[in-house]
There are 2 protein chains.
Amino acid sequence: MLATLLHAPGDIRVEEVPDAELHGADEAVVRVVAACICGSDLWPYRGITSVSGPTRIGHEFVGVVEAVGDGVSKVRVGDFVIAPFYVCDNICINCRNSVSTSCLQGGSWGSRRGGHQVDGGQGELVRVPLADGTLVPVRGPVDAALVPHLLTLSDVMGTGHHAALSAGVRAGSTVAVVGDGAVGLCAILAAKRLGAERIVAMSRHADRQAIAREFGATDVVEERGDAGAARIRELFDGIGADAVLEAVGTKESMDQALRSARPGGIVGFVGVPNGGAELPIGRMFSTNVGVRGGVAPVRGYIEEFLPEVLDGSLTPGRVFDLELPLADAAEGYAAMDARRATKVLLRP
Amino acid sequence: MLATLLHAPGDIRVEEVPDAELHGADEAVVRVVAACICGSDLWPYRGITSVSGPTRIGHEFVGVVEAVGDGVSKVRVGDFVIAPFYVCDNICINCRNSVSTSCLQGGSWGSRRGGHQVDGGQGELVRVPLADGTLVPVRGPVDAALVPHLLTLSDVMGTGHHAALSAGVRAGSTVAVVGDGAVGLCAILAAKRLGAERIVAMSRHADRQAIAREFGATDVVEERGDAGAARIRELFDGIGADAVLEAVGTKESMDQALRSARPGGIVGFVGVPNGGAELPIGRMFSTNVGVRGGVAPVRGYIEEFLPEVLDGSLTPGRVFDLELPLADAAEGYAAMDARRATKVLLRP
């Protein structure tokens, strides 16, 4: 089978690897229908996080179940399934507490488990451990036009939603969103869906601003850093927004987020922290701005979104602006790295 | 009048100062009935925060209104009043958002305002700016036995409550409390009052453990640091508590708190941050443990607690274990510094 490997920073190759196979009774093998490239895949691609030799990459995919182990009962061969960006059993205490990213049995795509490769998703087939817990089946025929939307439930839509939930967004909230990548855009959509009254997108890119407005942004702020935060405060009574959704992960973006929240507000953060972005507790103390969020437990959100995607009322797949065959994954990485694309969909 | 001044670390004196006087139409002068020493007063006393010459100190008091300016309408001469540990107008947007510590007109006891001294509270009289917003009158005669309980509404009871609210404590929550000072003990009482099912006090002091249990602690953990956090996780299904209330303010106590919370849990922090306790965002990200809290907007909580204190059902004044005449304030500081006393009440 073909799969995408990162050999070194900037060096992405699609290569022949051994076919994914069942290695346990709780497993499934899924033939990938569509996968995508995540903003967080760019950290090792850019060499910001280390790369030690050829590594299977990717963690977002949808597909059709090709085989299941004897212990799998909730998904069946032939099911169209959505995979969250991690593996979980969906029954442990952390999963029951809605934090399936901390599943006691959980794991990652692209890792090794039980001595065998778990595939990354940017490939033709994927071995799925804990298939009953991890995979969400979509019953009935799936319209090809819905695939991009369903694929976002694998990560970015749920991650944007997690930022909004973590920040306590509800009907009437005022919201600012830091980051105009796919997650930031989905955070706008999620905030709108939760009833936010006013949503400010912080973006300098005309194309992304357009999607932001389509997703529910009422205002756009182009300034960044201190100037951006000052503009946000100005828009909200001089004090800032109730909820600020941070979808970047740098020290600068977190500072901007903290300065954009009103006293007593919350920063919901989902950007993978990068570059020693420790939080300034003195500032948080004096302003009562809280910080919640983290790696988003999207598995628990998929079933909530699914009916809305299937009936066409939720269209997060609008974040995809480049679709390529799997063989051209390298071009997809280059396009996202250069910000020529917001989010790239790959078809095996 | 007599007032307490900090001259240098360890050097507390009670001295004659000019009488407090009205300097604006919105002001009152209050004759202090009881004041107290706060754990945060120990930071400058210990020289951990800097002291630049003789400084009026104190920020918690109750008393009787002796004079009011022409613009004051909500408190009257002769009213028994509770002062929160800061000054606020109680009408600005931040006050309306329940963050009166960020009042747009707010200020501090012991500072200068409008060119004149605002007294610290550890003295005979206090000039109170924004009297209508700041002071909460207690109508009718006040039983002397209730004074210590009422005095805690000035700071520690409301601050403990803020930790619990910030951490989302509600009926059925599991809670761990880091810090067994007056605020930590009040945090236990507040968590119990909000319906927490199980509350673990982290304390090594027999006297404080006894108050903790009286206030609602179901368990006591004597270990600290990593060992303490491991014990907390062990007590709660191996994962930790839903809510951890941090009432110390050091890097060590915050680390202990973060490690004691379950994935997806919240640390409610009210300890004044001290010693560069920046928050480890990477750990927060991977565990989804949030951090909320800060300088507690206790003004907004006083009216909620008042009926319960007046009917005897809420008795936070149990945290006072030493009562001294104002003239002996220095002994009170020494006793708290040496942990011979949990909380000292001063009577002018």
# chains A, B, ... in the order shown; residues from 1 in each chain; ligands from 1
>>> closest_atom_pairs(of="chain B", to="chain A", cutoff="8 Å", atoms="only C-alpha atoms", output="Markdown table")
| residue | atom | partner | partner_atom | distance |
| --- | --- | --- | --- | --- |
| B:Asn94 | CA | A:Pro263 | CA | 6.8 |
| B:Asn97 | CA | A:Gly264 | CA | 7.6 |
| B:Ser98 | CA | A:Gly264 | CA | 7.7 |
| B:Val99 | CA | A:Gly264 | CA | 6.0 |
| B:Ser102 | CA | A:Pro263 | CA | 6.5 |
| B:Pro263 | CA | A:Ser102 | CA | 6.6 |
| B:Gly264 | CA | A:Val99 | CA | 6.0 |
| B:Val270 | CA | A:Phe285 | CA | 7.5 |
| B:Val272 | CA | A:Phe285 | CA | 7.3 |
| B:Pro273 | CA | A:Gly282 | CA | 6.0 |
| B:Ala277 | CA | A:Ile281 | CA | 6.6 |
| B:Glu278 | CA | A:Pro280 | CA | 5.3 |
| B:Leu279 | CA | A:Leu279 | CA | 4.8 |
| B:Pro280 | CA | A:Glu278 | CA | 5.3 |
| B:Ile281 | CA | A:Glu278 | CA | 5.4 |
| B:Gly282 | CA | A:Pro273 | CA | 6.0 |
| B:Met284 | CA | A:Gly294 | CA | 6.5 |
| B:Phe285 | CA | A:Gly294 | CA | 3.7 |
| B:Ser286 | CA | A:Val295 | CA | 5.9 |
| B:Thr287 | CA | A:Ser102 | CA | 6.7 |
| B:Asn288 | CA | A:Gly294 | CA | 4.7 |
| B:Val289 | CA | A:Arg292 | CA | 6.8 |
| B:Gly290 | CA | A:Arg292 | CA | 4.1 |
| B:Val291 | CA | A:Val291 | CA | 5.4 |
| B:Arg292 | CA | A:Gly290 | CA | 4.1 |
| B:Gly293 | CA | A:Asn288 | CA | 5.3 |
| B:Gly294 | CA | A:Phe285 | CA | 3.7 |
| B:Val295 | CA | A:Phe285 | CA | 5.7 |
>>> write_last_selection(atoms="N, CA and C atoms", output="compact mmCIF listing (two decimals), in the first residue's frame")
# COMPACT_ATOMS: atom_id res chain seq x y z
N ASN B 94 -17.23 46.06 34.48
CA ASN B 94 -16.54 44.92 35.10
C ASN B 94 -17.25 44.49 36.39
N ASN B 97 -20.13 42.58 35.41
CA ASN B 97 -19.69 41.25 34.95
C ASN B 97 -19.18 40.38 36.11
N SER B 98 -19.44 40.80 37.34
CA SER B 98 -19.01 40.03 38.52
C SER B 98 -17.49 39.98 38.70
N VAL B 99 -16.82 41.02 38.22
CA VAL B 99 -15.37 41.09 38.41
C VAL B 99 -15.04 42.46 39.00
N SER B 102 -11.76 44.26 39.14
CA SER B 102 -11.29 44.99 37.97
C SER B 102 -12.14 46.24 37.74
N PRO B 263 -7.69 14.65 34.33
CA PRO B 263 -7.79 15.18 32.97
C PRO B 263 -9.15 15.86 32.78
N GLY B 264 -9.13 17.05 32.23
CA GLY B 264 -10.37 17.81 32.05
C GLY B 264 -10.80 18.56 33.29
N VAL B 270 -6.41 31.13 43.84
CA VAL B 270 -6.60 32.43 44.49
C VAL B 270 -5.37 32.84 45.30
N VAL B 272 -2.00 34.48 45.89
CA VAL B 272 -1.31 35.55 45.16
C VAL B 272 -0.02 34.97 44.58
N PRO B 273 0.13 35.00 43.24
CA PRO B 273 1.30 34.35 42.63
C PRO B 273 2.58 34.99 43.12
N ALA B 277 5.74 31.93 39.26
CA ALA B 277 5.03 30.67 39.05
C ALA B 277 4.34 30.66 37.70
N GLU B 278 5.09 30.77 36.59
CA GLU B 278 4.45 30.70 35.27
C GLU B 278 3.83 29.31 35.10
N LEU B 279 2.77 29.24 34.33
CA LEU B 279 2.06 27.97 34.20
C LEU B 279 2.59 27.15 33.04
N PRO B 280 2.74 25.84 33.24
CA PRO B 280 3.26 24.95 32.19
C PRO B 280 2.17 24.60 31.19
N ILE B 281 2.11 25.36 30.11
CA ILE B 281 1.00 25.22 29.17
C ILE B 281 1.03 23.87 28.46
N GLY B 282 2.21 23.31 28.28
CA GLY B 282 2.30 22.00 27.62
C GLY B 282 1.55 20.94 28.42
N MET B 284 -0.83 21.55 30.64
CA MET B 284 -2.26 21.88 30.59
C MET B 284 -2.88 21.40 29.28
N PHE B 285 -2.15 21.55 28.19
CA PHE B 285 -2.64 21.14 26.88
C PHE B 285 -2.88 19.63 26.84
N SER B 286 -1.89 18.88 27.29
CA SER B 286 -1.99 17.42 27.15
C SER B 286 -3.04 16.83 28.08
N THR B 287 -3.32 17.49 29.19
CA THR B 287 -4.26 16.94 30.18
C THR B 287 -5.63 17.62 30.15
N ASN B 288 -5.73 18.74 29.42
CA ASN B 288 -6.97 19.52 29.46
C ASN B 288 -7.32 19.99 30.87
N VAL B 289 -6.33 20.19 31.71
CA VAL B 289 -6.58 20.80 33.02
C VAL B 289 -6.56 22.32 32.84
N GLY B 290 -7.65 22.95 33.17
CA GLY B 290 -7.77 24.40 33.04
C GLY B 290 -7.37 25.12 34.32
N VAL B 291 -7.09 26.40 34.17
CA VAL B 291 -6.74 27.23 35.33
C VAL B 291 -7.58 28.50 35.29
N ARG B 292 -8.39 28.67 36.32
CA ARG B 292 -9.20 29.90 36.43
C ARG B 292 -9.09 30.44 37.84
N GLY B 293 -9.35 31.72 37.96
CA GLY B 293 -9.35 32.34 39.29
C GLY B 293 -8.59 33.64 39.24
N GLY B 294 -8.09 34.04 40.40
CA GLY B 294 -7.39 35.30 40.48
C GLY B 294 -7.85 36.04 41.72
N VAL B 295 -7.55 37.31 41.71
CA VAL B 295 -7.92 38.16 42.85
C VAL B 295 -9.45 38.15 42.96
>>> select_by_dssp(residues="region 9-94 of chain B", states="alpha helix (DSSP H)", output="PDB file with C-alpha atoms, in the first residue's frame")
ATOM      1  CA  LEU B  42       3.129  38.424  55.085  1.00  0.00           C
ATOM      2  CA  TRP B  43       4.740  38.807  51.656  1.00  0.00           C
ATOM      3  CA  PRO B  44       6.047  42.340  52.342  1.00  0.00           C
ATOM      4  CA  TYR B  45       6.464  41.507  56.048  1.00  0.00           C
ATOM      5  CA  ILE B  93     -19.124  47.075  33.334  1.00  0.00           C
ATOM      6  CA  ASN B  94     -16.544  44.916  35.098  1.00  0.00           C
TER       7      ASN B  94
END
>>> select_by_dssp(residues="region 16-264 of chain B", states="strand (DSSP E or B)", output="compact mmCIF listing (two decimals) with C-alpha atoms, in the first residue's frame")
# COMPACT_ATOMS: atom_id res chain seq x y z
CA GLU B 16 -0.34 57.86 65.60
CA ALA B 28 -17.42 57.60 54.07
CA VAL B 29 -15.35 57.38 57.20
CA VAL B 30 -15.69 54.11 59.09
CA ARG B 31 -14.67 53.44 62.69
CA VAL B 32 -13.13 49.99 62.68
CA VAL B 33 -14.72 47.36 64.93
CA ALA B 34 -12.43 44.54 63.89
CA ALA B 35 -9.68 44.06 61.32
CA CYS B 36 -7.41 41.20 60.49
CA ILE B 37 -4.04 40.20 59.12
CA THR B 55 3.58 51.84 54.51
CA ARG B 56 0.02 51.65 55.80
CA PHE B 61 -12.17 45.25 58.23
CA VAL B 62 -15.70 45.72 59.50
CA GLY B 63 -16.89 48.78 61.35
CA VAL B 64 -19.49 51.45 61.90
CA VAL B 65 -20.01 54.38 59.57
CA GLU B 66 -19.03 57.61 61.27
CA ALA B 67 -19.47 60.12 58.45
CA VAL B 68 -20.62 60.15 54.84
CA PHE B 80 -22.44 48.40 60.63
CA VAL B 81 -20.59 47.73 57.37
CA ILE B 82 -18.42 45.07 55.80
CA ALA B 83 -15.64 46.30 53.53
CA VAL B 87 -12.55 49.68 46.65
CA GLY B 107 -8.54 51.04 44.17
CA ARG B 112 -3.22 57.29 48.06
CA ARG B 113 -6.20 58.46 46.06
CA HIS B 116 -5.00 61.82 50.12
CA GLN B 117 -4.31 58.70 52.13
CA GLY B 123 -6.29 51.10 62.39
CA LEU B 125 -10.60 54.83 61.25
CA VAL B 126 -10.71 54.34 57.50
CA ARG B 127 -11.47 56.77 54.72
CA VAL B 128 -13.61 54.81 52.21
CA VAL B 136 -22.11 46.43 52.43
CA PRO B 137 -24.34 47.50 55.34
CA VAL B 138 -25.65 44.97 57.82
CA THR B 174 -14.61 15.83 43.99
CA VAL B 175 -12.28 18.47 45.38
CA ALA B 176 -8.73 18.79 46.67
CA VAL B 177 -7.55 21.92 48.46
CA VAL B 178 -3.91 22.99 48.38
CA ARG B 198 -15.69 14.55 48.68
CA ILE B 199 -13.17 17.17 49.80
CA VAL B 200 -9.53 16.44 50.53
CA ALA B 201 -7.60 18.91 52.68
CA MET B 202 -3.83 18.95 52.13
CA ASP B 219 -10.07 13.29 53.92
CA VAL B 220 -6.72 14.75 54.86
CA VAL B 221 -3.50 14.25 52.92
CA ALA B 241 -10.00 15.44 41.53
CA ASP B 242 -12.54 17.29 39.41
CA ALA B 243 -11.58 20.55 41.07
CA VAL B 244 -8.39 21.59 42.83
CA LEU B 245 -8.44 24.78 44.85
CA GLU B 246 -5.04 26.49 45.08
CA ALA B 261 -6.51 17.53 38.96
CA ARG B 262 -7.99 14.84 36.75
CA PRO B 263 -7.79 15.18 32.97
CA GLY B 264 -10.37 17.81 32.05
>>> residues_around(residues="Pro307 (chain A)", least_positions_apart="6", cutoff="12 Å", atoms="only C-alpha atoms", output="count of residues only")
10
>>> atom_distance(atom1="CA of Ser154 (chain B)", atom2="CA of Gly179 (chain B)")
19.3 Å
>>> closest_residue(among="A:His162, A:Lys251, A:Arg299, A:Arg318", to="Ala182 (chain A)", atoms="only C-alpha atoms")
A:Arg318
>>> decode(residues="region 46-187 of chain B", atoms="C-alpha atoms", output="compact mmCIF listing (two decimals), in the first residue's frame")
# COMPACT_ATOMS: atom_id res chain seq x y z
CA ARG B 46 8.83 38.73 55.02
CA GLY B 47 10.57 40.94 52.50
CA ILE B 48 9.49 38.65 49.66
CA THR B 49 7.86 41.68 48.02
CA SER B 50 9.69 44.96 48.42
CA VAL B 51 8.95 47.53 51.12
CA SER B 52 9.81 51.15 50.37
CA GLY B 53 9.62 53.04 53.63
CA PRO B 54 6.77 53.14 56.15
CA THR B 55 3.58 51.84 54.51
CA ARG B 56 0.02 51.65 55.80
CA ILE B 57 -0.99 48.01 55.78
CA GLY B 58 -4.16 45.93 56.04
CA HIS B 59 -7.19 45.47 53.81
CA GLU B 60 -9.84 43.56 55.78
CA PHE B 61 -12.17 45.25 58.23
CA VAL B 62 -15.70 45.72 59.50
CA GLY B 63 -16.89 48.78 61.35
CA VAL B 64 -19.49 51.45 61.90
CA VAL B 65 -20.01 54.38 59.57
CA GLU B 66 -19.03 57.61 61.27
CA ALA B 67 -19.47 60.12 58.45
CA VAL B 68 -20.62 60.15 54.84
CA GLY B 69 -20.21 62.56 51.95
CA ASP B 70 -23.15 64.31 50.29
CA GLY B 71 -23.27 61.85 47.42
CA VAL B 72 -23.54 58.73 49.55
CA SER B 73 -27.01 57.21 49.71
CA LYS B 74 -26.73 53.48 50.33
CA VAL B 75 -24.88 53.54 53.64
CA ARG B 76 -25.77 55.79 56.55
CA VAL B 77 -24.04 57.07 59.64
CA GLY B 78 -24.37 54.37 62.30
CA ASP B 79 -24.55 51.44 59.85
CA PHE B 80 -22.44 48.40 60.63
CA VAL B 81 -20.59 47.73 57.37
CA ILE B 82 -18.42 45.07 55.80
CA ALA B 83 -15.64 46.30 53.53
CA PRO B 84 -14.27 44.04 50.82
CA PHE B 85 -10.49 44.05 50.52
CA TYR B 86 -10.61 46.62 47.73
CA VAL B 87 -12.55 49.68 46.65
CA CYS B 88 -15.10 49.49 43.81
CA ASP B 89 -18.06 51.41 42.41
CA ASN B 90 -20.15 48.27 41.91
CA ILE B 91 -21.75 49.74 38.79
CA CYS B 92 -19.13 49.73 36.03
CA ILE B 93 -19.12 47.07 33.33
CA ASN B 94 -16.54 44.92 35.10
CA CYS B 95 -18.48 45.09 38.37
CA ARG B 96 -21.64 44.14 36.46
CA ASN B 97 -19.69 41.25 34.95
CA SER B 98 -19.01 40.03 38.52
CA VAL B 99 -15.37 41.09 38.41
CA SER B 100 -15.44 44.03 40.79
CA THR B 101 -11.72 43.57 41.48
CA SER B 102 -11.29 44.99 37.97
CA CYS B 103 -13.59 47.95 38.70
CA LEU B 104 -12.80 50.76 36.27
CA GLN B 105 -12.75 53.21 39.20
CA GLY B 106 -11.43 50.77 41.78
CA GLY B 107 -8.54 51.04 44.17
CA SER B 108 -6.71 49.61 47.12
CA TRP B 109 -6.68 50.17 50.85
CA GLY B 110 -3.45 51.67 52.12
CA SER B 111 -2.87 53.62 48.89
CA ARG B 112 -3.22 57.29 48.06
CA ARG B 113 -6.20 58.46 46.06
CA GLY B 114 -7.01 61.97 44.95
CA GLY B 115 -3.90 63.16 46.76
CA HIS B 116 -5.00 61.82 50.12
CA GLN B 117 -4.31 58.70 52.13
CA VAL B 118 -6.75 55.81 51.99
CA ASP B 119 -6.26 53.97 55.25
CA GLY B 120 -5.34 50.30 55.43
CA GLY B 121 -7.95 49.02 57.83
CA GLN B 122 -5.56 47.86 60.55
CA GLY B 123 -6.29 51.10 62.39
CA GLU B 124 -8.99 53.03 64.17
CA LEU B 125 -10.60 54.83 61.25
CA VAL B 126 -10.71 54.34 57.50
CA ARG B 127 -11.47 56.77 54.72
CA VAL B 128 -13.61 54.81 52.21
CA PRO B 129 -13.79 56.08 48.62
CA LEU B 130 -16.78 54.99 46.52
CA ALA B 131 -18.59 54.16 49.75
CA ASP B 132 -21.89 53.21 48.11
CA GLY B 133 -20.21 50.68 45.89
CA THR B 134 -17.65 49.40 48.33
CA LEU B 135 -19.42 48.97 51.65
CA VAL B 136 -22.11 46.43 52.43
CA PRO B 137 -24.34 47.50 55.34
CA VAL B 138 -25.65 44.97 57.82
CA ARG B 139 -29.10 46.19 58.85
CA GLY B 140 -30.21 45.95 62.46
CA PRO B 141 -28.17 45.24 65.58
CA VAL B 142 -25.10 43.05 65.13
CA ASP B 143 -24.38 40.39 67.75
CA ALA B 144 -20.77 40.73 68.88
CA ALA B 145 -20.33 36.98 68.48
CA LEU B 146 -20.97 37.33 64.75
CA VAL B 147 -18.22 39.88 64.17
CA PRO B 148 -15.45 37.36 63.34
CA HIS B 149 -17.72 35.60 60.85
CA LEU B 150 -18.75 38.88 59.23
CA LEU B 151 -15.11 39.93 59.08
CA THR B 152 -14.21 36.88 56.96
CA LEU B 153 -16.59 38.15 54.27
CA SER B 154 -14.11 40.95 53.79
CA ASP B 155 -11.68 38.55 52.17
CA VAL B 156 -11.01 34.94 53.10
CA MET B 157 -14.50 33.46 52.89
CA GLY B 158 -15.18 35.15 49.57
CA THR B 159 -11.73 34.25 48.31
CA GLY B 160 -12.19 30.59 49.19
CA HIS B 161 -15.58 30.70 47.48
CA HIS B 162 -14.02 32.27 44.40
CA ALA B 163 -11.56 29.39 44.18
CA ALA B 164 -14.43 26.93 44.33
CA LEU B 165 -16.60 28.81 41.83
CA SER B 166 -13.66 29.29 39.45
CA ALA B 167 -12.99 25.56 39.55
CA GLY B 168 -16.62 24.82 38.77
CA VAL B 169 -17.39 23.05 42.08
CA ARG B 170 -20.98 21.91 42.18
CA ALA B 171 -23.13 19.16 43.70
CA GLY B 172 -21.23 15.89 43.52
CA SER B 173 -17.81 17.36 42.69
CA THR B 174 -14.61 15.83 43.99
CA VAL B 175 -12.28 18.47 45.38
CA ALA B 176 -8.73 18.79 46.67
CA VAL B 177 -7.55 21.92 48.46
CA VAL B 178 -3.91 22.99 48.38
CA GLY B 179 -3.12 25.29 51.32
CA ASP B 180 -4.40 25.12 54.88
CA GLY B 181 -4.31 28.81 55.70
CA ALA B 182 -7.51 30.74 56.31
CA VAL B 183 -8.28 30.90 52.58
CA GLY B 184 -7.69 27.20 52.06
CA LEU B 185 -9.94 26.40 55.01
CA CYS B 186 -12.64 28.74 53.70
CA ALA B 187 -12.28 27.08 50.29
